[in-house]
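So this one's upload13.cif, mmCIF, C-alpha atoms:
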data_model
#
loop_
_atom_site.label_atom_id
_atom_site.label_comp_id
_atom_site.auth_asym_id
_atom_site.auth_seq_id
_atom_site.Cartn_x
_atom_site.Cartn_y
_atom_site.Cartn_z
CA MET S 80 0.00 0.00 0.00
CA PRO S 81 1.45 3.42 -0.99
CA ILE S 82 0.44 5.19 2.24
CA ALA S 83 1.03 4.30 5.87
CA ASP S 84 -1.39 1.71 7.22
CA LYS S 85 -2.29 4.02 10.10
CA MET S 86 -3.41 6.71 7.64
CA VAL S 87 -5.93 4.54 5.79
CA LYS S 88 -8.62 4.88 8.47
CA MET S 89 -7.96 8.61 8.79
CA VAL S 90 -8.47 9.10 5.06
CA GLU S 91 -11.69 7.11 5.17
CA SER S 92 -13.08 9.03 8.15
CA ALA S 93 -12.32 12.38 6.53
CA SER S 94 -13.86 11.40 3.20
CA MET S 95 -17.54 12.17 3.98
CA ILE S 96 -17.26 15.96 4.22
CA ARG S 97 -14.62 16.03 1.49
CA LYS S 98 -16.99 14.20 -0.84
CA MET S 99 -19.72 16.71 -0.06
CA PHE S 100 -17.34 19.54 -0.92
CA GLU S 101 -16.40 17.88 -4.21
CA GLU S 102 -20.04 17.12 -4.97
CA GLY S 103 -20.87 20.80 -4.45
CA ILE S 104 -18.31 21.82 -7.06
CA ARG S 105 -19.69 19.27 -9.54
CA MET S 106 -23.31 20.31 -8.96
CA ARG S 107 -22.58 24.03 -9.31
CA GLU S 108 -20.88 23.37 -12.62
CA LYS S 109 -23.86 21.33 -13.81
CA TYR S 110 -26.83 23.32 -12.46
CA GLY S 111 -25.39 26.79 -11.83
CA ALA S 112 -24.44 28.29 -8.46
CA ASP S 113 -27.91 29.79 -7.82
CA ASN S 114 -29.56 26.40 -8.21
CA VAL S 115 -27.39 24.53 -5.70
CA PHE S 116 -27.97 24.93 -1.97
CA ASP S 117 -24.76 24.05 -0.17
CA PHE S 118 -25.06 23.88 3.62
CA SER S 119 -22.18 21.45 4.07
CA LEU S 120 -19.32 23.71 5.16
CA GLY S 121 -18.90 25.98 8.16
CA ASN S 122 -17.10 28.59 6.09
CA PRO S 123 -18.02 32.10 7.33
CA ASP S 124 -19.38 34.31 4.57
CA VAL S 125 -20.18 37.38 6.69
CA PRO S 126 -17.57 40.01 5.77
CA PRO S 127 -14.92 40.81 8.38
CA PRO S 128 -15.51 44.09 10.20
CA THR S 129 -14.20 47.07 8.24
CA ILE S 130 -11.58 47.73 10.89
CA VAL S 131 -9.86 44.43 10.02
CA LYS S 132 -8.86 45.63 6.56
CA GLN S 133 -7.99 49.08 7.90
CA THR S 134 -5.69 47.55 10.51
CA LEU S 135 -4.12 45.25 7.95
CA LEU S 136 -3.37 48.13 5.58
CA GLU S 137 -1.90 50.21 8.40
CA LEU S 138 0.41 47.36 9.39
CA ILE S 139 1.49 46.75 5.81
CA ASP S 140 2.44 50.43 5.47
CA ASP S 141 4.18 50.54 8.85
CA LYS S 142 7.94 49.96 8.57
CA ALA S 143 7.95 48.66 12.14
CA THR S 144 5.71 45.71 11.22
CA SER S 145 7.61 42.45 11.57
CA HIS S 146 7.50 39.53 9.16
CA GLY S 147 10.18 37.48 10.88
CA TYR S 148 10.46 34.74 13.43
CA MET S 149 9.40 35.41 16.99
CA PRO S 150 9.42 33.42 20.28
CA ASN S 151 7.71 30.04 19.97
CA PRO S 152 4.45 31.14 21.64
CA GLY S 153 4.10 34.27 19.50
CA TYR S 154 4.91 37.98 19.63
CA PRO S 155 5.13 39.16 23.27
CA HIS S 156 3.09 42.32 22.64
CA VAL S 157 0.31 40.31 20.98
CA ARG S 158 0.17 37.79 23.82
CA LYS S 159 0.09 40.70 26.27
CA ALA S 160 -2.89 42.21 24.42
CA VAL S 161 -4.73 38.87 24.49
CA ALA S 162 -4.01 38.36 28.21
CA GLU S 163 -5.23 41.87 29.06
CA TYR S 164 -8.45 41.31 27.14
CA LEU S 165 -9.08 37.92 28.78
CA ASN S 166 -8.53 39.42 32.22
CA LYS S 167 -11.16 42.07 31.51
CA GLU S 168 -13.54 39.31 30.45
CA TYR S 169 -12.75 36.61 33.00
CA HIS S 170 -10.77 38.21 35.87
CA VAL S 171 -8.49 35.24 36.51
CA GLY S 172 -5.07 36.87 36.31
CA ILE S 173 -3.78 35.32 33.09
CA THR S 174 -0.28 36.45 32.13
CA SER S 175 1.14 36.62 28.62
CA ASP S 176 3.39 33.65 29.46
CA LEU S 177 0.25 31.49 29.60
CA ILE S 178 -0.85 32.46 26.08
CA VAL S 179 0.32 30.65 22.94
CA MET S 180 -0.59 32.13 19.56
CA THR S 181 -1.52 29.36 17.14
CA ALA S 182 -2.55 28.56 13.59
CA GLY S 183 -6.26 28.69 14.38
CA ALA S 184 -8.13 26.61 16.94
CA ALA S 185 -6.97 23.47 15.15
CA GLY S 186 -3.36 24.44 15.77
CA ALA S 187 -4.16 25.24 19.40
CA LEU S 188 -5.80 21.87 19.91
CA ASN S 189 -2.93 20.00 18.27
CA ASP S 190 -0.46 21.90 20.47
CA ILE S 191 -2.22 21.30 23.77
CA LEU S 192 -3.00 17.62 23.11
CA ARG S 193 0.64 16.98 22.30
CA ALA S 194 1.64 18.86 25.43
CA LEU S 195 -0.68 16.96 27.79
CA LEU S 196 -1.10 13.42 26.51
CA ASN S 197 1.09 10.37 26.66
CA PRO S 198 0.58 7.87 23.82
CA GLY S 199 -2.43 5.68 24.47
CA GLU S 200 -4.13 7.96 27.00
CA ASP S 201 -7.79 8.89 26.60
CA ILE S 202 -9.58 12.05 25.52
CA LEU S 203 -13.27 12.11 26.49
CA THR S 204 -15.64 14.27 24.46
CA PRO S 205 -19.43 14.57 24.31
CA ALA S 206 -21.08 13.37 21.10
CA PRO S 207 -22.07 14.81 18.69
CA TYR S 208 -18.63 16.34 18.29
CA PHE S 209 -16.54 18.21 15.72
CA VAL S 210 -15.34 15.71 13.13
CA GLY S 211 -11.73 16.91 13.35
CA TYR S 212 -11.32 15.60 16.88
CA ASN S 213 -10.60 12.13 15.53
CA GLN S 214 -7.65 13.46 13.55
CA TYR S 215 -6.29 15.56 16.43
CA ALA S 216 -6.40 12.57 18.77
CA PHE S 217 -4.63 10.50 16.12
CA VAL S 218 -1.83 13.06 15.77
CA ALA S 219 -1.38 13.08 19.53
CA GLY S 220 -1.28 9.28 19.67
CA ALA S 221 -4.30 9.32 21.98
CA ASN S 222 -7.67 7.54 22.06
CA LEU S 223 -10.79 9.60 21.44
CA LYS S 224 -13.67 8.22 23.51
CA THR S 225 -17.12 9.70 23.05
CA ILE S 226 -19.82 10.13 25.68
CA ALA S 227 -23.48 10.38 24.69
CA THR S 228 -25.27 13.63 25.50
CA LEU S 229 -28.82 14.19 26.66
CA GLU S 230 -31.66 14.48 24.16
CA ASN S 231 -31.16 18.25 23.99
CA PHE S 232 -27.41 17.73 23.34
CA HIS S 233 -26.38 18.97 26.79
CA LEU S 234 -23.95 17.15 29.06
CA ASP S 235 -25.00 13.82 30.57
CA LEU S 236 -22.99 14.01 33.78
CA ASP S 237 -23.84 10.44 34.81
CA ALA S 238 -22.54 9.12 31.49
CA ILE S 239 -19.38 11.19 31.82
CA ALA S 240 -18.79 9.92 35.36
CA ALA S 241 -19.14 6.36 34.11
CA GLY S 242 -16.79 7.02 31.20
CA ILE S 243 -13.84 8.40 33.18
CA THR S 244 -11.11 5.84 33.90
CA LYS S 245 -7.52 5.82 35.13
CA ASN S 246 -6.51 6.25 31.48
CA THR S 247 -8.38 9.55 31.08
CA ARG S 248 -6.14 12.61 30.77
CA VAL S 249 -8.33 15.16 28.96
CA MET S 250 -11.99 16.14 28.89
CA LEU S 251 -12.62 18.06 25.67
CA ILE S 252 -15.75 20.17 25.29
CA ASN S 253 -16.96 22.51 22.55
CA SER S 254 -19.53 25.17 23.45
CA PRO S 255 -21.20 26.70 21.50
CA ASN S 256 -21.15 23.33 19.85
CA ASN S 257 -20.42 22.25 16.31
CA PRO S 258 -22.61 20.57 15.01
CA THR S 259 -25.57 21.09 17.38
CA GLY S 260 -25.38 24.76 18.39
CA ALA S 261 -25.87 23.80 22.05
CA VAL S 262 -24.42 26.13 24.70
CA TYR S 263 -23.58 24.44 27.99
CA ASN S 264 -24.84 26.32 31.07
CA LYS S 265 -22.85 27.10 34.20
CA GLU S 266 -24.71 24.54 36.32
CA GLU S 267 -23.74 21.61 34.11
CA LEU S 268 -20.17 22.91 33.74
CA SER S 269 -19.89 23.16 37.52
CA GLY S 270 -21.13 19.57 37.76
CA LEU S 271 -18.53 18.52 35.21
CA ALA S 272 -15.80 20.29 37.20
CA LYS S 273 -16.75 18.36 40.35
CA LEU S 274 -16.58 15.09 38.43
CA LEU S 275 -13.14 15.89 37.02
CA GLU S 276 -11.76 16.91 40.40
CA ALA S 277 -13.12 13.80 42.10
CA ALA S 278 -11.76 11.54 39.36
CA SER S 279 -8.36 13.27 39.48
CA GLN S 280 -8.18 12.56 43.21
CA LYS S 281 -9.42 9.00 42.79
CA PHE S 282 -6.88 8.04 40.15
CA GLY S 283 -4.02 10.22 41.42
CA LYS S 284 -3.71 11.83 38.01
CA ARG S 285 -4.74 15.32 36.97
CA ILE S 286 -7.50 15.36 34.37
CA TYR S 287 -7.46 18.58 32.37
CA LEU S 288 -10.46 20.29 30.84
CA ILE S 289 -9.96 21.71 27.35
CA SER S 290 -12.66 24.11 26.19
CA ASP S 291 -12.71 24.55 22.41
CA GLU S 292 -14.42 27.93 21.87
CA PRO S 293 -14.17 29.24 18.28
CA TYR S 294 -17.91 30.10 18.35
CA ARG S 295 -17.92 31.80 21.75
CA LYS S 296 -18.85 35.20 20.33
CA ILE S 297 -21.63 33.76 18.14
CA ALA S 298 -24.39 33.20 20.69
CA TYR S 299 -28.03 34.24 20.77
CA ASP S 300 -29.87 35.46 23.89
CA VAL S 301 -27.60 33.46 26.17
CA GLN S 302 -24.40 34.13 28.07
CA VAL S 303 -21.67 31.59 27.33
CA PRO S 304 -20.23 30.71 30.77
CA CYS S 305 -16.51 30.96 31.41
CA VAL S 306 -15.07 27.53 32.22
CA PHE S 307 -12.18 29.22 34.05
CA ASP S 308 -14.74 30.08 36.75
CA VAL S 309 -15.61 26.46 37.51
CA TYR S 310 -12.37 24.47 37.14
CA PRO S 311 -8.84 25.84 37.45
CA HIS S 312 -7.18 23.00 35.54
CA THR S 313 -8.55 24.33 32.27
CA ILE S 314 -7.14 25.37 28.93
CA VAL S 315 -9.31 27.53 26.69
CA LEU S 316 -8.58 27.65 22.99
CA THR S 317 -10.15 29.63 20.21
CA SER S 318 -9.62 31.21 16.82
CA TYR S 319 -10.59 34.39 15.02
CA SER S 320 -12.00 32.33 12.13
CA LYS S 321 -15.64 32.85 13.08
CA GLU S 322 -15.78 35.98 15.22
CA LEU S 323 -13.78 37.99 12.65
CA SER S 324 -14.50 35.84 9.55
CA LEU S 325 -10.81 35.10 9.07
CA ALA S 326 -10.98 31.32 8.65
CA GLY S 327 -8.34 31.12 5.91
CA GLU S 328 -5.84 33.29 7.77
CA ARG S 329 -5.31 30.57 10.42
CA ILE S 330 -4.92 32.60 13.57
CA GLY S 331 -5.97 31.74 17.13
CA TYR S 332 -4.56 31.05 20.58
CA LEU S 333 -4.69 28.88 23.66
CA ALA S 334 -4.86 30.24 27.20
CA ILE S 335 -3.98 28.31 30.35
CA HIS S 336 -5.61 29.07 33.71
CA PRO S 337 -2.88 30.43 36.02
CA ASP S 338 -3.96 28.03 38.78
CA ALA S 339 -3.84 24.94 36.58
CA GLU S 340 -1.55 22.22 37.84
CA ASP S 341 1.86 22.70 36.15
CA ALA S 342 0.54 25.70 34.20
CA ASP S 343 3.99 27.05 33.32
CA LEU S 344 5.22 23.64 32.21
CA ILE S 345 2.13 23.16 30.05
CA ALA S 346 2.67 26.55 28.42
CA GLY S 347 6.28 25.69 27.66
CA ALA S 348 5.33 22.31 26.19
CA ALA S 349 2.59 23.87 24.06
CA GLY S 350 5.08 26.43 22.75
CA VAL S 351 7.50 23.67 21.78
CA ALA S 352 4.67 21.73 20.11
CA ASN S 353 3.96 24.91 18.14
CA THR S 354 7.39 24.64 16.52
CA MET S 355 6.85 20.95 15.78
CA MET S 356 3.58 21.60 14.00
CA TYR S 357 4.10 24.81 12.00
CA VAL S 358 6.98 26.84 13.58
CA ASN S 359 4.75 29.79 14.54
CA ALA S 360 1.35 31.32 13.97
CA PRO S 361 1.19 33.68 10.95
CA ALA S 362 3.23 36.77 11.82
CA LEU S 363 1.16 39.43 10.07
CA PHE S 364 -2.18 38.29 11.42
CA GLN S 365 -0.84 37.92 14.93
CA GLN S 366 -0.20 41.65 14.76
CA VAL S 367 -3.63 42.32 13.22
CA VAL S 368 -5.62 40.52 15.93
CA GLY S 369 -3.40 41.98 18.62
CA LYS S 370 -5.02 45.32 17.82
CA LEU S 371 -8.58 43.98 17.54
CA GLN S 372 -9.36 42.30 20.86
CA GLY S 373 -13.13 42.20 21.45
CA VAL S 374 -14.07 43.05 17.86
CA THR S 375 -16.62 40.73 16.22
CA VAL S 376 -18.67 40.39 13.06
CA ASP S 377 -22.33 41.38 13.10
CA ILE S 378 -23.91 38.43 14.94
CA GLU S 379 -27.42 39.62 14.02
CA ILE S 380 -26.80 38.45 10.46
CA TYR S 381 -26.43 34.89 11.71
CA ARG S 382 -29.40 35.24 14.04
CA LYS S 383 -31.63 36.32 11.16
CA ARG S 384 -30.54 33.34 9.06
CA ARG S 385 -31.06 30.95 11.95
CA ASP S 386 -34.59 32.19 12.45
CA ILE S 387 -35.48 32.01 8.74
CA PHE S 388 -34.07 28.50 8.49
CA CYS S 389 -35.63 27.14 11.68
CA GLU S 390 -39.05 28.55 10.84
CA GLY S 391 -38.93 27.21 7.29
CA LEU S 392 -37.83 23.71 8.30
CA LYS S 393 -40.38 23.47 11.10
CA GLU S 394 -43.14 24.53 8.73
CA ALA S 395 -41.97 21.82 6.33
CA GLY S 396 -42.31 19.23 9.13
CA TYR S 397 -38.76 18.74 10.40
CA GLU S 398 -37.92 18.25 14.07
CA LEU S 399 -35.07 20.36 15.42
CA ASP S 400 -33.88 22.30 18.44
CA ILE S 401 -33.29 26.01 17.95
CA PRO S 402 -29.55 26.46 18.47
CA LYS S 403 -28.29 28.96 21.04
CA GLY S 404 -24.94 29.48 19.35
CA ALA S 405 -22.62 28.86 16.38
CA PHE S 406 -24.14 28.77 12.87
CA TYR S 407 -25.39 25.21 12.47
CA LEU S 408 -28.69 23.37 12.65
CA PHE S 409 -28.83 19.69 13.54
CA PRO S 410 -32.32 18.46 12.58
CA LYS S 411 -33.56 14.93 13.07
CA SER S 412 -33.51 12.81 9.96
CA PRO S 413 -37.08 11.74 9.07
CA ILE S 414 -35.70 8.25 8.44
CA GLU S 415 -33.27 6.30 10.60
CA ASP S 416 -30.56 6.23 7.94
CA ASP S 417 -29.27 9.81 7.91
CA VAL S 418 -26.74 9.03 5.17
CA LYS S 419 -29.56 7.87 2.91
CA PHE S 420 -31.65 10.94 3.67
CA VAL S 421 -28.76 13.27 2.87
CA LYS S 422 -28.61 11.55 -0.52
CA LEU S 423 -32.32 12.30 -0.98
CA LEU S 424 -31.61 15.94 -0.18
CA SER S 425 -28.88 15.98 -2.81
CA GLU S 426 -31.51 15.00 -5.39
CA GLN S 427 -33.04 18.40 -4.59
CA ASN S 428 -29.60 20.03 -5.07
CA ILE S 429 -29.30 20.44 -1.28
CA LEU S 430 -25.97 19.55 0.30
CA ALA S 431 -25.92 18.59 3.98
CA VAL S 432 -23.66 16.41 6.12
CA PRO S 433 -24.92 13.21 7.78
CA GLY S 434 -24.97 13.32 11.55
CA ALA S 435 -23.03 10.05 11.60
CA ALA S 436 -19.92 12.03 10.59
CA PHE S 437 -20.15 13.85 13.93
CA GLY S 438 -21.06 10.87 16.07
CA GLY S 439 -24.74 11.88 15.93
CA PRO S 440 -26.52 9.38 13.66
CA GLY S 441 -30.17 10.02 12.96
CA HIS S 442 -29.53 13.72 12.35
CA PHE S 443 -27.91 15.87 9.70
CA ARG S 444 -25.94 19.11 9.90
CA LEU S 445 -26.76 22.32 8.03
CA SER S 446 -24.50 25.36 8.08
CA TYR S 447 -26.26 28.70 7.76
CA ALA S 448 -23.06 30.57 6.98
CA VAL S 449 -24.65 31.18 3.58
CA PRO S 450 -26.64 34.02 1.98
CA ASP S 451 -30.28 34.47 3.01
CA LYS S 452 -31.46 33.65 -0.50
CA THR S 453 -29.77 30.25 -0.38
CA ILE S 454 -31.82 29.36 2.69
CA LYS S 455 -35.10 30.72 1.33
CA ASN S 456 -34.73 29.14 -2.10
CA SER S 457 -33.88 25.73 -0.61
CA LEU S 458 -37.02 25.32 1.49
CA ASP S 459 -39.16 23.88 -1.29
CA GLY S 460 -36.50 21.20 -1.85
CA PHE S 461 -36.49 20.35 1.85
CA LYS S 462 -40.27 19.86 1.70
CA LYS S 463 -39.99 17.60 -1.34
CA ALA S 464 -37.28 15.46 0.28
CA LEU S 465 -39.35 15.05 3.44
CA ASN S 466 -42.53 14.22 1.51
CA SER S 467 -40.64 11.56 -0.45
CA VAL S 468 -40.18 9.45 2.69
CA LYS S 469 -43.63 9.91 4.24
#
Would you mind writing the structure in this file as structure tokens?
Amino acid sequence: MPIADKMVKMVESASMIRKMFEEGIRMREKYGADNVFDFSLGNPDVPPPTIVKQTLLELIDDKATSHGYMPNPGYPHVRKAVAEYLNKEYHVGITSDLIVMTAGAAGALNDILRALLNPGEDILTPAPYFVGYNQYAFVAGANLKTIATLENFHLDLDAIAAGITKNTRVMLINSPNNPTGAVYNKEELSGLAKLLEAASQKFGKRIYLISDEPYRKIAYDVQVPCVFDVYPHTIVLTSYSKELSLAGERIGYLAIHPDAEDADLIAGAAGVANTMMYVNAPALFQQVVGKLQGVTVDIEIYRKRRDIFCEGLKEAGYELDIPKGAFYLFPKSPIEDDVKFVKLLSEQNILAVPGAAFGGPGHFRLSYAVPDKTIKNSLDGFKKALNSVK
């Protein structure tokens, strides 16, 4: 076989969304872009705030702007700006030494998993979960173990308690969640913290909480709790991909709670992992985001799309929870086989992703990071697909 045996499964597991992407290209060529309704990718289409381009142009024209190497964790002045912003938000006394600038949230997650995990240790994560977690666990040489959530996609604390073993090193959560849009509340996070502390004491091994938060700023009528408030042994990671619509620029960071066990050692290890993965986060965009702490896209654009989509699908007869965050819907499939139903949707030129890809069979994911007209013009096709299985 021309590729490593260990990569075969990874290629197969990544193929579902890739195939949807390729199918979208083929269908647009055949039917025209306006006649294809592609909800398969979480690729932000809301323009970045105007100040992003202004800041970028100012930096390009500034002779003091650096394009060279910097310390492993990133430019000191950028990390200082991030730490100051986080302390205004969360009041936990984070220092710049506990910030690592990364190539997006994916880079942050790869860094911190490599820093924390020994080969063969376990990462627990609630399902449904972001499809990339399988690959990140693989790169770290760890085992990804999934824990079922409640019917509303919130944490099942009893299931988590039963799933923690002496081999558990990391609890990985994602709120607001991709693919469900669920936002975990402070009560359930506090319950999770108690479980992790008790298990750490029981097994004589610190279990760390990693909170993956690229959608934190995209929330509707709900406050996203700060996990730093409930469990000190926490690492928060995020990116500017969604809140500033800079997905392709690959810029984010991880932040370690100052009271986390071995916080300084973790930060050092994550910085070294940074060099192993990609040397450093992009220099220019480190300096851009360093000047734009707290700036976000217009969230009301996503709210409007969510409401149009939810109303239209419910009128058509679909069952779904209204998401509190992110820009995804996760409706129930009207038939048990969600892969088969997604194929029926494709016959209506609608592209969705089966829930099975996210560990949530019986559902399918729709991204509403698309123009309003794409949502509105797709609704008739959704009705036809649903009627075809009644």
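Between CA of Val315 in chain S and CA of Lys167 in chain S lies a distance of 15.4 Å.
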Exercise for review: Find the spatial neighbours of Val358 in chain S, counting only C-alpha atoms, within a cut-off of 12 Å - ignore same-chain residues fewer than 3 positions away - and output them as a ChimeraX atom specification.
Suggested key: /S:147-153,180-182,186,190,349-355,361-362
File of the preceding selection, C-alpha atoms, as a PDB file, in the coordinates of the input:
ATOM      1  CA  GLY S 147      10.180  37.480  10.880  1.00  0.00           C
ATOM      2  CA  TYR S 148      10.460  34.740  13.430  1.00  0.00           C
ATOM      3  CA  MET S 149       9.400  35.410  16.990  1.00  0.00           C
ATOM      4  CA  PRO S 150       9.420  33.420  20.280  1.00  0.00           C
ATOM      5  CA  ASN S 151       7.710  30.040  19.970  1.00  0.00           C
ATOM      6  CA  PRO S 152       4.450  31.140  21.640  1.00  0.00           C
ATOM      7  CA  GLY S 153       4.100  34.270  19.500  1.00  0.00           C
ATOM      8  CA  MET S 180      -0.590  32.130  19.560  1.00  0.00           C
ATOM      9  CA  THR S 181      -1.520  29.360  17.140  1.00  0.00           C
ATOM     10  CA  ALA S 182      -2.550  28.560  13.590  1.00  0.00           C
ATOM     11  CA  GLY S 186      -3.360  24.440  15.770  1.00  0.00           C
ATOM     12  CA  ASP S 190      -0.460  21.900  20.470  1.00  0.00           C
ATOM     13  CA  ALA S 349       2.590  23.870  24.060  1.00  0.00           C
ATOM     14  CA  GLY S 350       5.080  26.430  22.750  1.00  0.00           C
ATOM     15  CA  VAL S 351       7.500  23.670  21.780  1.00  0.00           C
ATOM     16  CA  ALA S 352       4.670  21.730  20.110  1.00  0.00           C
ATOM     17  CA  ASN S 353       3.960  24.910  18.140  1.00  0.00           C
ATOM     18  CA  THR S 354       7.390  24.640  16.520  1.00  0.00           C
ATOM     19  CA  MET S 355       6.850  20.950  15.780  1.00  0.00           C
ATOM     20  CA  PRO S 361       1.190  33.680  10.950  1.00  0.00           C
ATOM     21  CA  ALA S 362       3.230  36.770  11.820  1.00  0.00           C
TER      22      ALA S 362
END
Please tabulate, as JSON lines, the residues of range 214-326 of chain S that come within 10 Å of range 434-456 of chain S, each with its closest pair of atoms and the distance in Å to one decimal, counting all atoms listed in the file and ordering rows by chain, then residue number upward.
{"residue": "S:Thr225", "atom": "CA", "partner": "S:Gly438", "partner_atom": "CA", "distance": 8.1}
{"residue": "S:Ile226", "atom": "CA", "partner": "S:Gly438", "partner_atom": "CA", "distance": 9.7}
{"residue": "S:Ala227", "atom": "CA", "partner": "S:Gly438", "partner_atom": "CA", "distance": 9.0}
{"residue": "S:Thr228", "atom": "CA", "partner": "S:Gly439", "partner_atom": "CA", "distance": 9.7}
{"residue": "S:Phe232", "atom": "CA", "partner": "S:Gly439", "partner_atom": "CA", "distance": 9.8}
{"residue": "S:Asn257", "atom": "CA", "partner": "S:Phe437", "partner_atom": "CA", "distance": 8.7}
{"residue": "S:Pro258", "atom": "CA", "partner": "S:Arg444", "partner_atom": "CA", "distance": 6.3}
{"residue": "S:Thr259", "atom": "CA", "partner": "S:Arg444", "partner_atom": "CA", "distance": 7.7}
{"residue": "S:Lys321", "atom": "CA", "partner": "S:Ala448", "partner_atom": "CA", "distance": 9.9}
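Taking CA of Val87 in chain S and CA of Ala221 in chain S as endpoints, the distance between them is 17.0 Å.
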Exercise for review: Expand the PyMOL selection byres ((chain S and resi 329) around 8) into the individual residues it matches in the shown file, reporting them as a ChimeraX atom specification.
Suggested key: /S:181-183,318-320,325-328,330-331,360-361
